[in-house]
file query.cif (mmCIF, C-alpha atoms)
data_start
#
loop_
_atom_site.label_atom_id
_atom_site.label_comp_id
_atom_site.auth_asym_id
_atom_site.auth_seq_id
_atom_site.Cartn_x
_atom_site.Cartn_y
_atom_site.Cartn_z
CA MET H 290 36.89 -20.57 9.95
CA GLN H 291 38.88 -18.08 12.03
CA ILE H 292 37.70 -19.41 15.39
CA SER H 293 36.37 -22.88 15.94
CA ILE H 294 32.77 -23.37 16.97
CA LYS H 295 33.98 -25.56 19.82
CA SER H 296 36.30 -22.80 21.10
CA LEU H 297 33.54 -20.22 20.79
CA LEU H 298 31.09 -22.34 22.78
CA HIS H 299 33.79 -23.23 25.31
CA ASN H 300 34.57 -19.54 25.84
CA HIS H 301 30.92 -18.59 26.38
CA LEU H 302 30.35 -21.56 28.71
CA SER H 303 33.44 -20.58 30.70
CA GLN H 304 32.10 -17.05 31.08
CA LEU H 305 28.71 -18.44 32.13
CA LEU H 306 30.50 -20.51 34.76
CA SER H 307 32.39 -17.45 35.96
CA ILE H 308 29.22 -15.36 36.17
CA THR H 309 27.29 -18.09 37.94
CA THR H 310 30.05 -18.48 40.52
CA LYS H 311 29.59 -14.84 41.56
CA ILE H 312 25.81 -14.98 41.97
CA PRO H 313 24.35 -15.51 45.47
CA GLN H 314 22.13 -18.60 45.86
CA GLU H 315 19.11 -16.52 46.87
CA ILE H 316 18.90 -14.99 43.38
CA PHE H 317 18.68 -18.27 41.42
CA HIS H 318 14.88 -18.46 41.64
CA LYS H 319 14.37 -14.83 40.49
CA GLN H 320 12.81 -13.86 37.15
CA LEU H 321 12.68 -10.62 35.15
CA ALA H 322 8.93 -11.09 34.66
CA PRO H 323 6.43 -13.64 35.98
CA ASP H 324 6.08 -15.35 32.59
CA MET H 325 9.86 -15.76 32.05
CA PHE H 326 12.33 -18.44 33.11
CA SER H 327 14.24 -18.01 36.35
CA LEU H 328 17.95 -17.26 36.48
CA ALA H 329 18.64 -20.95 37.22
CA GLU H 330 16.53 -22.17 34.30
CA ASN H 331 18.21 -19.69 31.94
CA ALA H 332 21.65 -20.93 33.02
CA LYS H 333 20.64 -24.55 32.37
CA ILE H 334 19.10 -23.68 29.00
CA ALA H 335 22.23 -21.77 27.93
CA ALA H 336 24.46 -24.72 28.85
CA ASN H 337 22.16 -27.09 26.97
CA PHE H 338 22.22 -24.94 23.83
CA SER H 339 25.97 -25.48 23.52
CA LEU H 340 25.51 -29.24 23.18
CA ARG H 341 22.30 -28.92 21.13
CA GLY H 342 24.48 -27.05 18.68
CA TYR H 343 27.74 -28.95 18.80
CA CYS H 344 26.69 -32.60 19.14
CA PRO H 345 24.92 -32.74 15.75
CA LEU H 346 28.03 -31.31 14.08
CA VAL H 347 30.07 -34.32 15.23
CA ASP H 348 27.28 -36.88 14.78
CA GLN H 349 26.82 -37.41 18.50
CA LYS H 350 23.55 -37.83 20.35
CA ILE H 351 22.61 -34.62 22.16
CA VAL H 352 23.17 -35.06 25.87
CA THR H 353 22.39 -32.86 28.84
CA PHE H 354 23.98 -32.72 32.26
CA GLU H 355 21.11 -30.80 33.80
CA GLU H 356 20.52 -31.65 37.44
CA ASP H 357 17.16 -31.53 39.19
CA GLY H 358 16.58 -28.44 41.23
CA ASN H 359 17.86 -24.93 40.90
CA THR H 360 20.67 -24.72 43.41
CA LYS H 361 23.82 -22.78 42.67
CA GLU H 362 25.93 -25.90 43.22
CA GLY H 363 23.79 -27.94 40.82
CA ILE H 364 23.95 -25.25 38.13
CA LEU H 365 27.73 -24.98 38.51
CA ARG H 366 28.05 -28.78 38.16
CA THR H 367 25.81 -28.73 35.09
CA ILE H 368 27.93 -26.08 33.39
CA GLN H 369 31.23 -27.76 34.35
CA LYS H 370 30.08 -31.19 33.14
CA THR H 371 28.89 -29.58 29.89
CA LEU H 372 32.30 -27.94 29.45
CA ASN H 373 34.07 -31.23 30.13
CA TYR H 374 31.92 -33.10 27.64
CA LEU H 375 32.32 -30.42 24.98
CA ASP H 376 36.10 -30.60 25.45
CA SER H 377 36.00 -34.38 24.91
CA LEU H 378 34.33 -34.05 21.50
CA PRO H 379 36.30 -33.86 18.25
CA GLU H 380 37.03 -30.51 16.65
CA VAL H 381 34.82 -29.41 13.77
CA THR H 382 37.02 -27.90 11.10
CA ASP H 383 34.34 -26.83 8.65
CA LEU H 384 30.60 -26.33 8.57
CA ASP H 385 28.87 -28.13 5.72
CA SER H 386 26.10 -26.16 3.99
CA SER H 387 24.75 -29.32 2.41
CA ARG H 388 24.05 -30.93 5.82
CA ARG H 389 20.87 -29.80 7.53
CA ILE H 390 20.08 -29.93 11.24
CA ASN H 391 16.65 -29.63 12.77
CA ASP H 392 15.62 -28.80 16.29
CA LYS H 393 12.53 -27.73 18.17
CA ALA H 394 12.33 -23.96 18.61
CA GLY H 395 9.38 -23.12 20.81
CA PHE H 396 6.30 -24.40 19.02
CA THR H 397 8.02 -24.84 15.67
CA THR H 398 10.85 -26.83 14.17
CA VAL H 399 13.88 -25.20 12.61
CA ASP H 400 15.56 -27.03 9.75
CA LEU H 401 18.74 -25.25 8.70
CA PRO H 402 22.06 -25.92 6.99
CA GLN H 403 24.91 -26.31 9.51
CA PRO H 404 26.30 -22.75 9.19
CA GLN H 405 22.89 -21.13 9.68
CA TYR H 406 21.97 -23.58 12.42
CA ILE H 407 25.02 -22.54 14.44
CA HIS H 408 25.18 -18.84 13.60
CA GLN H 409 21.47 -17.96 13.39
CA TYR H 410 19.97 -20.36 15.90
CA ILE H 411 22.40 -21.83 18.45
CA ILE H 412 24.72 -18.87 19.17
CA PRO H 413 21.92 -16.26 19.44
CA ASN H 414 19.87 -18.52 21.72
CA PHE H 415 22.86 -19.40 23.89
CA LEU H 416 23.72 -15.71 24.26
CA PHE H 417 20.08 -14.78 24.90
CA HIS H 418 19.82 -17.16 27.85
CA MET H 419 23.27 -16.19 29.13
CA SER H 420 22.20 -12.53 28.91
CA MET H 421 19.10 -13.35 30.95
CA VAL H 422 21.31 -14.85 33.68
CA TYR H 423 23.39 -11.67 33.68
CA ALA H 424 20.35 -9.35 33.56
CA ILE H 425 18.48 -11.08 36.38
CA ALA H 426 21.60 -11.19 38.54
CA ARG H 427 22.35 -7.48 37.97
CA HIS H 428 18.71 -6.55 38.50
CA CYS H 429 18.85 -8.35 41.85
CA GLY H 430 22.05 -6.56 42.91
CA ALA H 431 24.78 -9.05 42.02
CA THR H 432 28.14 -7.40 41.43
CA LEU H 433 28.94 -8.20 37.81
CA SER H 434 30.40 -6.20 34.95
CA LYS H 435 30.58 -6.48 31.20
CA GLY H 436 33.99 -8.06 31.79
CA ASP H 437 32.28 -10.96 33.55
CA PHE H 438 30.14 -11.46 30.45
CA ASP H 439 32.87 -11.34 27.79
CA GLY H 440 36.05 -11.93 29.79
CA LEU H 441 37.73 -8.97 28.10
CA HIS H 442 36.47 -5.70 29.56
CA LYS H 443 38.11 -4.42 32.77
CA TYR H 444 36.65 -1.85 35.15
CA PRO H 445 37.79 -0.59 38.55
CA ASP H 446 35.86 -1.76 41.62
CA ASN H 447 32.67 0.22 42.23
CA PHE H 448 32.80 1.79 38.75
CA THR H 449 29.42 2.70 37.25
CA PHE H 450 28.67 4.10 33.85
CA ILE H 451 26.23 6.54 35.38
CA ASP H 452 28.81 8.07 37.73
CA GLY H 453 31.88 7.09 35.70
CA PHE H 454 31.61 9.66 32.92
#

call {"tool": "encode", "arguments": {"input": "query.cif", "output": "structure tokens"}}
result
Amino acid sequence: MQISIKSLLHNHLSQLLSITTKIPQEIFHKQLAPDMFSLAENAKIAANFSLRGYCPLVDQKIVTFEEDGNTKEGILRTIQKTLNYLDSLPEVTDLDSSRRINDKAGFTTVDLPQPQYIHQYIIPNFLFHMSMVYAIARHCGATLSKGDFDGLHKYPDNFTFIDGF
């Protein structure tokens, strides 16, 4: 493995924390569509996916640090506690194709070998819900950039792709 699963999840959780810090409280209840989760719920789900993925790899019971309510402060605490717990877990040095992990995925159950479980189920779902946080926040006017999402891109203040080219 070039990058550890733990480091990958830690990086994405850190970016989720950074994004969430920049979002005004009044946006946390917003949704992209009436039948979709709110920004707050997507943030909690993303944080939970990191431990739904990592805990089974180290034979630990899956825990959640989700707080009741959808306040910015509660979401930030949830993400920070999740980061702290993830950091306390041992490092996984190799994914074992002979070990299977199952989890509920909507109205079905996935049952996959460890590598597929992480790469085809956990990471895409984590990033989906993190993307929903970003999309809802941007749609509602929050000042975020691609750099907030990945921690790598840099843009000048007030830059837009529409006017920037």

call {"tool": "residues_near_point", "arguments": {"input": "query.cif", "point": "(39.4, -29.7, 12.6)", "cutoff": "10 Å", "atoms": "all atoms listed in the file", "output": "ChimeraX atom specification"}}
result
/H:290,293,295,379-383

call {"tool": "resolve_selection", "arguments": {"input": "query.cif", "expression": "the PyMOL selection byres ((chain H and resi 362-373) around 12)", "output": "PyMOL selection string"}}
result
chain H and resi 295-314+317-318+328-341+343-344+351-361+374-378+419+422

call {"tool": "atom_distance", "arguments": {"input": "query.cif", "atom1": "atom CA of Ile390 of chain H", "atom2": "atom CA of Gln403 of chain H"}}
result
6.3 Å

call {"tool": "atom_distance", "arguments": {"input": "query.cif", "atom1": "atom CA of Leu401 of chain H", "atom2": "atom CA of Leu416 of chain H"}}
result
18.9 Å

call {"tool": "axis_aligned_box", "arguments": {"input": "query.cif", "around": "segment 407-420 of chain H", "padding_each_side": "3 Å", "output": "JSON"}}
result
{"center_x": 22.5, "center_y": -17.5, "center_z": 21.3, "size_x": 11.4, "size_y": 16.0, "size_z": 21.7}
